[in-house]
Amino acid sequence: MSKRELCRRYAFFLMALVVGAFGVSLVTRSTLGVNSVACFSYVTSVYFPVTMGTITIAFNALMLVGQLFLFTKEERRMQLINLMMQVPAICVFGVMVDIWMYILKDLPTYNYAFKMGMLLIGSLVIALNIAMQTTASVAMLACDAFVLRLSQHINKKMGNVKLCYDLILVGTAAAMSFICSGFTEIVGIREGTVIGAIIVGPLAQRWLPIVGVFKGWLDPDGRAARAEAAKAAAGAEAAK
């Protein structure tokens, strides 16, 4: 990629992180349940004197370290730039979570219908963030990159690995909340957690063709377009 294309793609990726942090914060402020990836960070912030964004950074840093153990020495060398770019992404996302949580702290929650509206809009925004990251195609958040690498390492479908990963996070957060509350309550995990797990993936698929309008801007030199054309031509030739 040219420097101009790289700059545009990373700018778009960072914008996706800001959008994603807003979605996570909006879902959290709905009080109907935090999305599966953020539930551990939220529960920790409830019971300990630390912000949700700080735990998000620490958790993603742990996932980054986890990737190092899943790569061979040669693979780590080849993936060095990608791994390094996850560091600023982790920091930006965590900081933006705290900023959005502060901005939305006085957001009114009138009734259950209003809260559900917040939850659905937040889920829609999270899905947009996923589509934007996919379209940028330069980096991933460490937690998502860990799931992708783990699925490749154990040779299992990413969807199945992601489901197990989310269930482990939700279960861990629920157990921690139950213990820290003196076995009296579970915070942050409600119907919204389940709804988000069900609808975010399909919504992201719906966003992809819409966000695709930025592909021309992201590829100013036409590199990707030429590659797609060459691939299509090769497929047509093979079909003859």
# chains A, B, ... in the order shown; residues from 1 in each chain; ligands from 1
call {"tool": "residues_around", "arguments": {"residues": "Gly201 (chain A)", "least_positions_apart": "3", "cutoff": "12 Å", "atoms": "only C-alpha atoms", "output": "JSON, numbers by chain"}}
result
{"A": [123, 124, 125, 126, 127, 128, 129, 130, 131, 159, 162, 163, 195, 196, 197, 198, 204, 205, 206, 207, 208]}
call {"tool": "residues_around", "arguments": {"residues": "Val161 (chain A)", "least_positions_apart": "5", "cutoff": "7 Å", "atoms": "only C-alpha atoms", "output": "list in words"}}
result
Val147, Ser151 and Lys156 of chain A
call {"tool": "closest_residue", "arguments": {"among": "A:Phe59, A:Ala139, A:Glu185, A:Asp144", "to": "Gln79 (chain A)", "atoms": "only C-alpha atoms"}}
result
A:Ala139
call {"tool": "residues_around", "arguments": {"residues": "Thr51 (chain A)", "least_positions_apart": "4", "cutoff": "8 Å", "atoms": "only C-alpha atoms", "output": "MDAnalysis selection string"}}
result
chainID A and resid 45 55 98
call {"tool": "write_last_selection", "arguments": {"atoms": "N, CA, C and O atoms", "output": "mmCIF file, in the first residue's frame"}}
result
data_model
loop_
_atom_site.group_PDB
_atom_site.id
_atom_site.type_symbol
_atom_site.label_atom_id
_atom_site.label_comp_id
_atom_site.auth_asym_id
_atom_site.auth_seq_id
_atom_site.Cartn_x
_atom_site.Cartn_y
_atom_site.Cartn_z
ATOM 1 N N SER A 45 -15.293 -2.588 37.008
ATOM 2 C CA SER A 45 -15.376 -1.155 37.348
ATOM 3 C C SER A 45 -16.427 -0.885 38.413
ATOM 4 O O SER A 45 -16.350 0.123 39.121
ATOM 5 N N ILE A 55 -9.832 -0.967 32.498
ATOM 6 C CA ILE A 55 -9.900 -2.427 32.463
ATOM 7 C C ILE A 55 -9.964 -2.924 31.022
ATOM 8 O O ILE A 55 -9.397 -3.965 30.681
ATOM 9 N N ASP A 98 -14.019 5.490 28.272
ATOM 10 C CA ASP A 98 -14.150 6.347 29.454
ATOM 11 C C ASP A 98 -14.730 7.709 29.107
ATOM 12 O O ASP A 98 -15.557 8.260 29.858
#
call {"tool": "select_by_dssp", "arguments": {"residues": "region 79-170 of chain A", "states": "helix (DSSP H, G or I)", "output": "ChimeraX atom specification"}}
result
/A:80-103,112-136,142-153,158-170
call {"tool": "residues_around", "arguments": {"residues": "Ile57 (chain A)", "least_positions_apart": "2", "cutoff": "9 Å", "atoms": "only C-alpha atoms", "output": "list of chain:residue names"}}
result
A:Met52, A:Gly53, A:Thr54, A:Ile55, A:Phe59, A:Asn60, A:Ala61, A:Leu62, A:Ile90, A:Cys91, A:Val92, A:Phe93, A:Gly94, A:Val95
call {"tool": "atom_distance", "arguments": {"atom1": "CA of Val50 (chain A)", "atom2": "CA of Glu191 (chain A)"}}
result
25.3 Å
call {"tool": "residues_around", "arguments": {"residues": "Phe13 (chain A)", "least_positions_apart": "3", "cutoff": "6 Å", "atoms": "only C-alpha atoms", "output": "ChimeraX atom specification"}}
result
/A:10,16,133,136
call {"tool": "closest_residue", "arguments": {"among": "A:Phe12, A:Tyr165, A:Tyr47, A:Phe22", "to": "Phe178 (chain A)", "atoms": "only C-alpha atoms"}}
result
A:Tyr47
call {"tool": "residues_around", "arguments": {"residues": "Gln86 (chain A)", "least_positions_apart": "5", "cutoff": "7 Å", "atoms": "only C-alpha atoms", "output": "list in words"}}
result
Ala139, Met140, Leu141 and Ala142 of chain A
call {"tool": "atom_distance", "arguments": {"atom1": "CA of Ala89 (chain A)", "atom2": "CA of Arg76 (chain A)"}}
result
18.5 Å
call {"tool": "closest_residue", "arguments": {"among": "A:His153, A:Met101, A:Val194, A:Thr135", "to": "Trp217 (chain A)", "atoms": "only C-alpha atoms"}}
result
A:Thr135
call {"tool": "closest_residue", "arguments": {"among": "A:Leu120, A:Val213, A:Leu169, A:Ile154", "to": "Ala38 (chain A)", "atoms": "only C-alpha atoms"}}
result
A:Leu169
